[in-house]
Amino acid sequence: QARLVESGGGWVQPGGSLRLSCAASGNVFVMNTMAWFRQVLGKQRELVARLTPGGNTNYGDFVKGRFTISRDTARNMVYLQMNNLKADDTAVYYCNAPSSIVSPEYWGQGIQVTVSS
């Protein structure tokens with residue numbers, strides 16, 4: 001059974017850093033396109049970062065060079081390094097494996113990130 005499990009969230013002060021991890025298992029392989037999304041209660045889920053099989057990345061406009069998505073194919077893990085966090089980054093963050101011709105879309109359960117002083 002395919003699973004995505006996030007970890008590494010929590011509380012951090014403005015200006016701080018967090019590293020989110022996503023462990024993929026089952027029919028999900030991080031060598032494919034992987035992404036991180038986030039959602040604030042009452043708002044639409046938005047793209048944070050996406051990583052393609054070729055290593056190309058794209059980020060939400062709000063990232064402005066503060067976040068980095070990466071992967072470890074040997075461990076089947078995806079990461080989101082978040083630096084210089086702001087209060088507006090407070091959200092539930094989701095790991096995402098987009099659908100493909102051989103696989104449906106998968107989502108992790110989400111993990112809370114809170115940035116406050």
# chains A, B, ... in the order shown; residues from 1 in each chain; ligands from 1
call {"tool": "residues_around", "arguments": {"residues": "Gly54 in chain A", "least_positions_apart": "6", "cutoff": "9 Å", "atoms": "only C-alpha atoms", "output": "list in words"}}
result
Met31, Asn32 and Thr33 of chain A
call {"tool": "select_by_dssp", "arguments": {"residues": "chain A", "states": "strand (DSSP E or B)", "output": "ChimeraX atom specification"}}
result
/A:3-7,10-12,18-25,34-39,46-51,57-59,67-72,77-82,91-97,106-107,111-115
call {"tool": "atom_distance", "arguments": {"atom1": "CA of Thr52 in chain A", "atom2": "CA of Ser70 in chain A"}}
result
10.1 Å
call {"tool": "atom_distance", "arguments": {"atom1": "CA of Val40 in chain A", "atom2": "CA of Thr114 in chain A"}}
result
10.8 Å
call {"tool": "atom_distance", "arguments": {"atom1": "CA of Ala23 in chain A", "atom2": "CA of Arg3 in chain A"}}
result
7.8 Å
call {"tool": "residues_around", "arguments": {"residues": "Trp107 in chain A", "least_positions_apart": "3", "cutoff": "10 Å", "atoms": "only C-alpha atoms", "output": "compact mmCIF listing (two decimals) with all heavy atoms, in the first residue's frame"}}
result
# COMPACT_ATOMS: atom_id res chain seq x y z
N ALA A 2 0.57 2.20 -0.89
CA ALA A 2 1.37 3.40 -0.98
C ALA A 2 1.12 4.32 0.20
O ALA A 2 -0.03 4.47 0.64
CB ALA A 2 1.03 4.12 -2.28
N ARG A 3 2.19 4.91 0.71
CA ARG A 3 2.06 5.83 1.83
C ARG A 3 3.07 6.94 1.71
O ARG A 3 4.20 6.74 1.22
CB ARG A 3 2.29 5.13 3.17
CG ARG A 3 1.21 4.19 3.62
CD ARG A 3 1.48 3.72 5.04
NE ARG A 3 1.29 4.81 6.01
CZ ARG A 3 1.71 4.76 7.26
NH1 ARG A 3 2.38 3.72 7.70
NH2 ARG A 3 1.47 5.76 8.08
N LEU A 4 2.67 8.11 2.18
CA LEU A 4 3.57 9.24 2.35
C LEU A 4 3.41 9.70 3.80
O LEU A 4 2.29 9.99 4.23
CB LEU A 4 3.21 10.39 1.40
CG LEU A 4 3.34 10.11 -0.10
CD1 LEU A 4 2.79 11.29 -0.90
CD2 LEU A 4 4.78 9.84 -0.47
N VAL A 5 4.50 9.75 4.53
CA VAL A 5 4.45 10.12 5.94
C VAL A 5 5.38 11.28 6.19
O VAL A 5 6.61 11.15 6.03
CB VAL A 5 4.81 8.93 6.84
CG1 VAL A 5 4.74 9.35 8.31
CG2 VAL A 5 3.89 7.75 6.58
N GLU A 6 4.81 12.42 6.61
CA GLU A 6 5.61 13.61 6.89
C GLU A 6 6.09 13.60 8.33
O GLU A 6 5.45 13.05 9.23
CB GLU A 6 4.79 14.88 6.64
CG GLU A 6 4.25 15.05 5.24
CD GLU A 6 2.81 14.62 5.09
OE1 GLU A 6 2.36 13.81 5.94
OE2 GLU A 6 2.13 15.07 4.15
N ALA A 35 6.24 16.70 -4.64
CA ALA A 35 5.94 18.09 -4.32
C ALA A 35 5.56 18.24 -2.85
O ALA A 35 5.23 17.26 -2.18
CB ALA A 35 4.80 18.60 -5.20
N TRP A 36 5.65 19.48 -2.39
CA TRP A 36 5.13 19.87 -1.08
C TRP A 36 4.08 20.95 -1.32
O TRP A 36 4.28 21.87 -2.12
CB TRP A 36 6.24 20.46 -0.20
CG TRP A 36 7.20 19.46 0.32
CD1 TRP A 36 8.40 19.08 -0.23
CD2 TRP A 36 7.07 18.69 1.53
NE1 TRP A 36 9.01 18.13 0.55
CE2 TRP A 36 8.23 17.88 1.64
CE3 TRP A 36 6.11 18.61 2.53
CZ2 TRP A 36 8.43 17.00 2.71
CZ3 TRP A 36 6.31 17.75 3.58
CH2 TRP A 36 7.46 16.96 3.68
N PHE A 37 2.97 20.81 -0.62
CA PHE A 37 1.91 21.81 -0.62
C PHE A 37 1.69 22.26 0.82
O PHE A 37 2.13 21.61 1.77
CB PHE A 37 0.60 21.22 -1.18
CG PHE A 37 0.57 21.08 -2.67
CD1 PHE A 37 1.26 20.05 -3.29
CD2 PHE A 37 -0.15 21.95 -3.45
CE1 PHE A 37 1.23 19.90 -4.68
CE2 PHE A 37 -0.19 21.82 -4.84
CZ PHE A 37 0.50 20.79 -5.44
N TYR A 94 1.88 19.39 3.34
CA TYR A 94 1.55 18.07 2.81
C TYR A 94 2.60 17.63 1.78
O TYR A 94 2.96 18.41 0.89
CB TYR A 94 0.20 18.08 2.11
CG TYR A 94 -0.97 18.36 3.01
CD1 TYR A 94 -1.40 19.67 3.24
CD2 TYR A 94 -1.67 17.32 3.63
CE1 TYR A 94 -2.47 19.93 4.07
CE2 TYR A 94 -2.75 17.58 4.45
CZ TYR A 94 -3.15 18.88 4.66
OH TYR A 94 -4.22 19.13 5.47
N CYS A 95 2.98 16.40 1.88
CA CYS A 95 3.81 15.77 0.86
C CYS A 95 2.89 15.22 -0.22
O CYS A 95 1.83 14.66 0.08
CB CYS A 95 4.63 14.65 1.50
SG CYS A 95 5.80 13.85 0.38
N ASN A 96 3.31 15.37 -1.47
CA ASN A 96 2.44 14.98 -2.59
C ASN A 96 3.22 14.25 -3.66
O ASN A 96 4.33 14.65 -4.02
CB ASN A 96 1.81 16.24 -3.19
CG ASN A 96 1.09 15.98 -4.49
OD1 ASN A 96 1.59 16.26 -5.58
ND2 ASN A 96 -0.11 15.44 -4.40
N ALA A 97 2.62 13.16 -4.13
CA ALA A 97 3.13 12.46 -5.31
C ALA A 97 2.07 12.59 -6.39
O ALA A 97 1.01 11.96 -6.29
CB ALA A 97 3.41 11.00 -4.98
N PRO A 98 2.32 13.42 -7.40
CA PRO A 98 1.29 13.63 -8.43
C PRO A 98 0.97 12.34 -9.16
O PRO A 98 1.78 11.41 -9.22
CB PRO A 98 1.94 14.65 -9.36
CG PRO A 98 3.00 15.32 -8.56
CD PRO A 98 3.50 14.26 -7.61
N GLY A 110 -0.30 15.20 6.32
CA GLY A 110 -0.08 16.60 6.67
C GLY A 110 0.62 16.75 8.01
O GLY A 110 0.47 15.91 8.90
call {"tool": "residues_around", "arguments": {"residues": "range 82-93 of chain A", "least_positions_apart": "4", "cutoff": "10 Å", "atoms": "only C-alpha atoms", "output": "JSON, numbers by chain"}}
result
{"A": [6, 7, 9, 10, 11, 12, 13, 14, 15, 16, 17, 18, 19, 20, 36, 37, 38, 39, 40, 41, 45, 46, 47, 48, 62, 63, 65, 66, 67, 68, 69, 108, 109, 110, 111, 112, 113, 114, 115, 116, 117]}
call {"tool": "closest_residue", "arguments": {"among": "A:Leu80, A:Ala74, A:Ser25, A:Val30", "to": "Pro53 in chain A", "atoms": "only C-alpha atoms"}}
result
A:Val30
call {"tool": "closest_residue", "arguments": {"among": "A:Ala49, A:Gly26, A:Gln1, A:Gly42", "to": "Val78 in chain A", "atoms": "only C-alpha atoms"}}
result
A:Ala49
call {"tool": "decode", "arguments": {"residues": "range 64-115 of chain A", "atoms": "C-alpha atoms", "output": "PDB file, in the first residue's frame"}}
result
ATOM      1  CA  LYS A  64      11.616  33.791  -2.463  1.00  0.00           C
ATOM      2  CA  GLY A  65      14.695  31.602  -2.089  1.00  0.00           C
ATOM      3  CA  ARG A  66      14.010  30.543   1.494  1.00  0.00           C
ATOM      4  CA  PHE A  67      13.037  26.898   0.890  1.00  0.00           C
ATOM      5  CA  THR A  68      14.783  24.012  -0.840  1.00  0.00           C
ATOM      6  CA  ILE A  69      13.232  20.731  -1.955  1.00  0.00           C
ATOM      7  CA  SER A  70      15.466  17.691  -2.273  1.00  0.00           C
ATOM      8  CA  ARG A  71      15.304  13.913  -2.281  1.00  0.00           C
ATOM      9  CA  ASP A  72      17.248  10.830  -1.305  1.00  0.00           C
ATOM     10  CA  THR A  73      16.335   8.094  -3.766  1.00  0.00           C
ATOM     11  CA  ALA A  74      18.214   5.428  -1.808  1.00  0.00           C
ATOM     12  CA  ARG A  75      16.041   6.086   1.236  1.00  0.00           C
ATOM     13  CA  ASN A  76      12.960   7.019  -0.821  1.00  0.00           C
ATOM     14  CA  MET A  77      12.678  10.294   1.088  1.00  0.00           C
ATOM     15  CA  VAL A  78      11.812  13.851   0.084  1.00  0.00           C
ATOM     16  CA  TYR A  79      12.793  16.885   2.126  1.00  0.00           C
ATOM     17  CA  LEU A  80      11.820  20.512   2.422  1.00  0.00           C
ATOM     18  CA  GLN A  81      14.399  22.723   4.063  1.00  0.00           C
ATOM     19  CA  MET A  82      12.740  25.932   5.214  1.00  0.00           C
ATOM     20  CA  ASN A  83      14.839  28.879   6.308  1.00  0.00           C
ATOM     21  CA  ASN A  84      13.992  32.381   7.465  1.00  0.00           C
ATOM     22  CA  LEU A  85      10.498  31.292   8.355  1.00  0.00           C
ATOM     23  CA  LYS A  86       7.791  33.888   8.739  1.00  0.00           C
ATOM     24  CA  ALA A  87       4.484  33.924  10.571  1.00  0.00           C
ATOM     25  CA  ASP A  88       2.741  33.673   7.189  1.00  0.00           C
ATOM     26  CA  ASP A  89       4.389  30.279   6.676  1.00  0.00           C
ATOM     27  CA  THR A  90       2.218  28.846   9.438  1.00  0.00           C
ATOM     28  CA  ALA A  91       0.184  26.085   7.808  1.00  0.00           C
ATOM     29  CA  VAL A  92      -0.299  22.365   7.472  1.00  0.00           C
ATOM     30  CA  TYR A  93       2.290  21.042   5.029  1.00  0.00           C
ATOM     31  CA  TYR A  94       1.554  18.067   2.807  1.00  0.00           C
ATOM     32  CA  CYS A  95       3.814  15.774   0.860  1.00  0.00           C
ATOM     33  CA  ASN A  96       2.441  14.984  -2.592  1.00  0.00           C
ATOM     34  CA  ALA A  97       3.132  12.458  -5.307  1.00  0.00           C
ATOM     35  CA  PRO A  98       1.293  13.634  -8.429  1.00  0.00           C
ATOM     36  CA  SER A  99      -0.591  11.128 -10.530  1.00  0.00           C
ATOM     37  CA  SER A 100       1.093   9.551 -13.521  1.00  0.00           C
ATOM     38  CA  ILE A 101       0.190   7.094 -16.241  1.00  0.00           C
ATOM     39  CA  VAL A 102       1.039   4.244 -13.879  1.00  0.00           C
ATOM     40  CA  SER A 103       0.013   5.643 -10.513  1.00  0.00           C
ATOM     41  CA  PRO A 104      -2.731   7.682  -8.890  1.00  0.00           C
ATOM     42  CA  GLU A 105      -2.023  10.796  -6.858  1.00  0.00           C
ATOM     43  CA  TYR A 106      -1.017  10.331  -3.241  1.00  0.00           C
ATOM     44  CA  TRP A 107      -1.011  12.706  -0.288  1.00  0.00           C
ATOM     45  CA  GLY A 108       0.525  12.497   3.126  1.00  0.00           C
ATOM     46  CA  GLN A 109      -1.555  13.135   6.214  1.00  0.00           C
ATOM     47  CA  GLY A 110      -0.077  16.600   6.672  1.00  0.00           C
ATOM     48  CA  ILE A 111       2.075  18.108   9.381  1.00  0.00           C
ATOM     49  CA  GLN A 112       1.634  21.359  11.255  1.00  0.00           C
ATOM     50  CA  VAL A 113       4.237  24.109  11.029  1.00  0.00           C
ATOM     51  CA  THR A 114       3.727  27.048  13.368  1.00  0.00           C
ATOM     52  CA  VAL A 115       5.876  30.167  13.189  1.00  0.00           C
TER      53      VAL A 115
END
